[in-house]
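Engineer: Structure file my_file-v1.cif (mmCIF, C-alpha atoms) is given on the next line.
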```
data_target
#
loop_
_atom_site.label_atom_id
_atom_site.label_comp_id
_atom_site.auth_asym_id
_atom_site.auth_seq_id
_atom_site.Cartn_x
_atom_site.Cartn_y
_atom_site.Cartn_z
CA MET A 1 0.00 0.00 0.00
CA LYS A 2 1.40 3.41 -0.93
CA ILE A 3 0.74 6.21 1.48
CA LYS A 4 1.41 9.67 0.12
CA THR A 5 2.26 11.67 3.19
CA LYS A 6 5.12 13.78 4.48
CA SER A 7 5.95 11.15 7.07
CA LYS A 8 5.50 7.69 5.60
CA LYS A 9 7.12 5.91 8.54
CA VAL A 10 4.79 7.54 11.06
CA ASN A 11 1.69 6.84 9.01
CA LYS A 12 2.68 3.25 8.27
CA SER A 13 3.29 2.73 11.97
CA TRP A 14 -0.14 4.19 12.81
CA LEU A 15 -1.82 2.08 10.12
CA ASN A 16 -0.12 -1.06 11.42
CA ASP A 17 -1.20 -0.28 14.99
CA HIS A 18 -4.74 0.45 13.79
CA VAL A 19 -5.10 -2.76 11.78
CA ASN A 20 -3.82 -4.85 14.69
CA ASP A 21 -5.73 -2.94 17.38
CA PRO A 22 -7.92 -5.41 19.34
CA TYR A 23 -10.67 -2.78 19.74
CA VAL A 24 -10.71 -2.13 15.99
CA LYS A 25 -11.12 -5.86 15.40
CA LEU A 26 -13.80 -6.11 18.10
CA ALA A 27 -15.70 -3.14 16.63
CA GLN A 28 -15.69 -4.80 13.20
CA LYS A 29 -16.87 -8.08 14.71
CA GLU A 30 -19.67 -6.51 16.77
CA GLY A 31 -20.83 -4.05 14.14
CA PHE A 32 -19.70 -0.76 15.66
CA ARG A 33 -18.57 2.01 13.34
CA ALA A 34 -15.54 2.87 15.46
CA ARG A 35 -13.50 1.57 18.39
CA ALA A 36 -14.74 4.62 20.35
CA ALA A 37 -17.84 2.59 21.27
CA TYR A 38 -15.75 0.73 23.86
CA LYS A 39 -14.70 3.97 25.54
CA LEU A 40 -18.31 4.84 26.29
CA LYS A 41 -19.05 1.22 27.15
CA GLU A 42 -16.39 1.19 29.88
CA ILE A 43 -17.52 4.56 31.24
CA ASP A 44 -21.12 3.37 31.31
CA GLU A 45 -20.31 0.01 32.90
CA THR A 46 -18.16 1.73 35.54
CA LEU A 47 -20.76 4.33 36.53
CA GLY A 48 -24.10 2.84 35.40
CA LEU A 49 -25.19 5.92 33.46
CA ILE A 50 -27.35 4.62 30.61
CA LYS A 51 -30.64 2.79 31.22
CA PRO A 52 -33.72 1.90 29.14
CA GLY A 53 -36.37 4.62 29.06
CA GLN A 54 -33.93 7.53 29.17
CA VAL A 55 -33.55 10.59 26.96
CA LEU A 56 -29.96 10.67 25.65
CA VAL A 57 -28.11 13.38 23.71
CA ASP A 58 -24.95 12.60 21.72
CA LEU A 59 -22.92 15.71 20.81
CA GLY A 60 -20.18 15.28 18.22
CA SER A 61 -21.76 11.98 17.25
CA ALA A 62 -20.19 11.16 13.85
CA PRO A 63 -19.46 8.50 12.73
CA GLY A 64 -22.02 7.16 15.21
CA ALA A 65 -20.32 4.57 17.43
CA TRP A 66 -21.52 6.18 20.67
CA SER A 67 -25.07 6.45 19.34
CA GLN A 68 -24.87 2.79 18.30
CA TYR A 69 -23.80 1.79 21.79
CA MET A 70 -26.57 3.83 23.43
CA ARG A 71 -29.13 2.45 20.99
CA ARG A 72 -28.21 -1.09 22.06
CA ARG A 73 -28.41 -0.11 25.74
CA LEU A 74 -31.96 1.13 25.21
CA SER A 75 -32.98 -2.02 23.33
CA PRO A 76 -34.33 -5.29 24.73
CA GLN A 77 -31.48 -7.82 24.86
CA GLY A 78 -29.11 -5.17 23.45
CA ALA A 79 -30.43 -5.42 19.89
CA ALA A 80 -28.90 -3.16 17.25
CA MET A 81 -32.28 -2.88 15.50
CA GLY A 82 -35.95 -3.14 16.42
CA ALA A 83 -37.71 -1.95 19.57
CA LEU A 84 -36.22 1.00 21.42
CA GLN A 85 -37.06 2.03 24.97
CA GLY A 86 -36.10 5.68 25.16
CA THR A 87 -34.92 8.55 22.97
CA ILE A 88 -31.55 9.28 21.37
CA ILE A 89 -30.82 12.60 19.69
CA ALA A 90 -27.45 12.93 17.97
CA MET A 91 -25.75 16.01 16.54
CA ASP A 92 -22.58 16.66 14.61
CA LEU A 93 -21.09 19.19 12.23
CA LEU A 94 -20.27 16.28 9.91
CA PRO A 95 -22.82 14.00 8.24
CA MET A 96 -23.64 10.67 9.88
CA GLU A 97 -25.07 7.54 8.32
CA PRO A 98 -28.55 6.80 9.74
CA ILE A 99 -28.95 4.58 12.80
CA GLU A 100 -32.39 3.08 13.33
CA GLY A 101 -34.21 4.88 16.13
CA VAL A 102 -31.64 7.70 16.44
CA GLN A 103 -32.69 11.21 15.47
CA PHE A 104 -29.72 12.95 13.85
CA LEU A 105 -29.29 16.69 13.43
CA GLN A 106 -26.41 18.01 11.33
CA GLY A 107 -25.02 21.38 12.32
CA ASP A 108 -22.78 23.41 14.59
CA LEU A 109 -23.89 23.60 18.22
CA ARG A 110 -22.48 27.15 18.33
CA ASP A 111 -25.16 28.17 15.82
CA GLU A 112 -28.28 29.39 17.63
CA SER A 113 -30.62 27.95 14.99
CA VAL A 114 -28.97 24.52 15.34
CA LEU A 115 -29.23 24.68 19.12
CA ALA A 116 -32.90 25.61 18.69
CA SER A 117 -33.42 22.50 16.53
CA LEU A 118 -31.87 20.35 19.24
CA VAL A 119 -34.11 21.89 21.89
CA LEU A 120 -37.11 21.35 19.61
CA ALA A 121 -36.19 17.68 19.23
CA LEU A 122 -36.21 17.33 23.02
CA ASP A 123 -39.86 18.41 22.87
CA GLY A 124 -39.93 19.88 26.37
CA ARG A 125 -38.08 16.96 27.97
CA LEU A 126 -34.83 17.13 29.92
CA ALA A 127 -32.01 14.75 29.06
CA ASP A 128 -30.92 12.00 31.44
CA VAL A 129 -27.44 11.76 29.96
CA VAL A 130 -25.50 14.03 27.59
CA VAL A 131 -22.33 12.65 26.02
CA SER A 132 -19.85 14.75 24.07
CA ASP A 133 -17.03 13.38 21.96
CA MET A 134 -16.63 16.81 20.38
CA ALA A 135 -13.01 17.71 19.71
CA PRO A 136 -11.48 20.65 17.85
CA ASN A 137 -8.92 20.46 15.08
CA LEU A 138 -5.72 20.55 17.12
CA SER A 139 -3.07 23.05 16.02
CA GLY A 140 -0.24 21.73 18.16
CA LEU A 141 -0.06 25.04 20.02
CA ALA A 142 -0.95 24.29 23.64
CA SER A 143 -2.58 27.64 24.41
CA VAL A 144 -4.66 27.66 21.21
CA ASP A 145 -5.76 24.03 21.57
CA SER A 146 -6.60 24.49 25.25
CA ALA A 147 -8.85 27.44 24.42
CA ARG A 148 -10.61 25.48 21.66
CA ILE A 149 -11.22 22.49 23.92
CA GLU A 150 -12.41 24.72 26.74
CA HIS A 151 -14.96 26.33 24.42
CA LEU A 152 -16.42 22.92 23.51
CA VAL A 153 -16.53 21.89 27.17
CA GLU A 154 -18.31 25.13 28.03
CA LEU A 155 -20.82 24.56 25.21
CA ALA A 156 -21.69 21.14 26.63
CA LEU A 157 -21.89 22.51 30.18
CA ASP A 158 -24.11 25.39 29.12
CA PHE A 159 -26.43 23.01 27.30
CA CYS A 160 -26.69 20.86 30.42
CA GLN A 161 -27.49 23.84 32.62
CA HIS A 162 -30.69 24.27 30.65
CA HIS A 163 -31.56 20.82 29.31
CA LEU A 164 -30.24 18.15 31.72
CA LYS A 165 -32.23 16.61 34.56
CA PRO A 166 -30.99 17.67 38.03
CA GLN A 167 -29.76 14.12 38.69
CA GLY A 168 -28.44 13.68 35.13
CA ALA A 169 -24.91 13.11 33.87
CA LEU A 170 -22.54 14.66 31.34
CA VAL A 171 -19.59 12.89 29.71
CA VAL A 172 -17.06 15.01 27.80
CA LYS A 173 -13.72 14.35 26.14
CA VAL A 174 -10.78 16.47 27.26
CA PHE A 175 -7.00 16.16 27.02
CA HIS A 176 -4.31 16.05 29.68
CA GLY A 177 -1.96 18.99 29.55
CA SER A 178 -2.53 22.73 29.54
CA GLY A 179 -5.97 23.54 30.92
CA TYR A 180 -6.84 20.09 32.32
CA ALA A 181 -6.94 21.17 35.99
CA GLN A 182 -9.10 24.11 34.97
CA TRP A 183 -11.63 21.83 33.24
CA VAL A 184 -11.82 19.63 36.34
CA GLN A 185 -12.53 22.69 38.50
CA LEU A 186 -15.12 23.86 35.98
CA PHE A 187 -16.89 20.50 36.26
CA LYS A 188 -16.74 20.60 40.04
CA ALA A 189 -18.48 23.97 39.94
CA HIS A 190 -21.35 22.45 37.93
CA PHE A 191 -21.69 18.89 39.28
CA LYS A 192 -21.89 17.28 42.71
CA VAL A 193 -19.76 14.30 41.63
CA VAL A 194 -16.91 14.48 39.11
CA LYS A 195 -15.08 11.39 37.85
CA PRO A 196 -12.12 11.46 35.42
CA ILE A 197 -11.85 8.21 33.44
CA LYS A 198 -9.29 7.08 30.85
CA PRO A 199 -10.87 3.99 29.28
CA LYS A 200 -8.71 1.04 28.27
CA ALA A 201 -9.85 1.63 24.67
CA SER A 202 -8.09 5.02 24.66
CA ARG A 203 -4.73 4.53 23.01
CA ASP A 204 -1.75 4.61 25.36
CA LYS A 205 -0.13 7.37 23.32
CA SER A 206 -3.27 9.53 23.47
CA SER A 207 -3.60 12.26 26.08
CA GLU A 208 -7.39 12.08 25.92
CA THR A 209 -9.44 11.39 29.00
CA PHE A 210 -13.10 11.78 29.86
CA LEU A 211 -14.68 13.86 32.57
CA VAL A 212 -18.00 12.65 33.93
CA GLY A 213 -20.19 15.00 35.94
CA MET A 214 -23.20 13.63 37.85
CA GLY A 215 -25.91 15.61 39.62
CA LEU A 216 -26.18 19.28 38.78
CA VAL A 217 -25.16 21.77 41.44
CA THR A 218 -28.17 23.92 42.30
CA PRO A 219 -27.35 27.65 42.11
CA ALA A 220 -27.36 29.26 45.53
#
```
Kindly transcribe the structure held in the file into structure tokens.
Structural biologist:
Amino acid sequence: MKIKTKSKKVNKSWLNDHVNDPYVKLAQKEGFRARAAYKLKEIDETLGLIKPGQVLVDLGSAPGAWSQYMRRRLSPQGAAMGALQGTIIAMDLLPMEPIEGVQFLQGDLRDESVLASLVLALDGRLADVVVSDMAPNLSGLASVDSARIEHLVELALDFCQHHLKPQGALVVKVFHGSGYAQWVQLFKAHFKVVKPIKPKASRDKSSETFLVGMGLVTPA
């Protein structure tokens, strides 16, 4: 296979790791669109967040692995198709192939009209769980990337302030490094319980981790 890149060795190494990755193989075997499904699976199994009958919101959903996992959690016997006990609303700037039972909205959450469409889809209900795998295009400049990540975290937090049940939960992706301690403190200001989790499915070389906030702090 020819790979036309500036760094062929790096890309060949990544491709080799990807092809031989046990989570990639497992995702292919179990019908998930990406290995990311196992990150949410571990978080959910650790904290018991997702249950049949809930209203779930998936921000930054493409290609759809998290929505697929949640869809199975809301299905009798974990079925990928058929009956669904609950509601899943997914949103992403990028297109996403349809998933049976999942309502997908394409657009930018920073756009007021897109946010309004998401609120309309909730139809007056509050979400039980909001998950966000949103991530910016990283520039490699710590200060710039930290600001971009913080903005996405704040978007998810602001959405939860208005559309999450008081006892609900938020899961967001962040990165260790500049700004991490600040994001933890930001979560602690909004949630009664804050749990940082780095799932086994996160690559060892990746600095990503996930912050989980449970139970909204009531304003004094």
Engineer: Would you mind listing what lies within 10 Å of Lys39 in chain A as a list of chain:residue names, with all atoms listed in the file counted and same-chain residues fewer than 5 positions away left out?
Structural biologist: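 That gives A:Tyr23, A:Asp44, A:Ala65, A:Trp66, A:Ile197, A:Lys198, A:Pro199, A:Lys200, A:Ala201, A:Ser202, A:Thr209, A:Phe210.
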Engineer: Take the PyMOL selection byres ((chain A and resi 146-159) around 8), run it mentally on this structure, and tell me the resulting residues as a PyMOL selection string.
Structural biologist: chain A and resi 109-110+132+134-136+142-145+160-164+170+172+174+178-179+183+190
Engineer: I'd like the neighbourhood of range 54-60 of chain A as a PyMOL selection string, where a residue qualifies if any of its atoms comes within 9 Å (using all atoms listed in the file), though same-chain residues fewer than 6 positions away should be ignored.
Structural biologist: chain A and resi 66-67+70+74+85-94+109+122+125-135+156
Engineer: I'd like the residues picked by the PyMOL selection byres ((chain A and resi 34) around 10) written out as a PyMOL selection string, using the chain letters and numbers from the file.
Structural biologist: chain A and resi 23-28+31-33+35-38+62-66+68
Engineer: Could you tell me how far CA of Asp21 in chain A lies from CA of Arg203 in chain A, in Å and to one decimal?
Structural biologist: 9.4 Å
Engineer: Return the padded bounding box of range 176-189 of chain A as lines of an AutoDock Vina configuration file: axis-aligned, built from all atoms listed in the file, 5 Å added on each side, with centre and edge lengths in Å to one decimal.
Structural biologist:
```
center_x = -10.2
center_y = 20.1
center_z = 34.8
size_x = 26.5
size_y = 18.1
size_z = 20.5
```
Engineer: Which distance in Å separates CA of Ile99 in chain A and CA of Gly213 in chain A, to one decimal?
Structural biologist: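 Here the two named atoms are 26.8 Å from each other.
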Engineer: For a test of reading the model, state the distance in Å between CA of Ser113 in chain A and CA of Val171 in chain A, rounded to one decimal.
Structural biologist: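 Answer for the CA of Ser113 in chain A to CA of Val171 in chain A separation: 23.8 Å.
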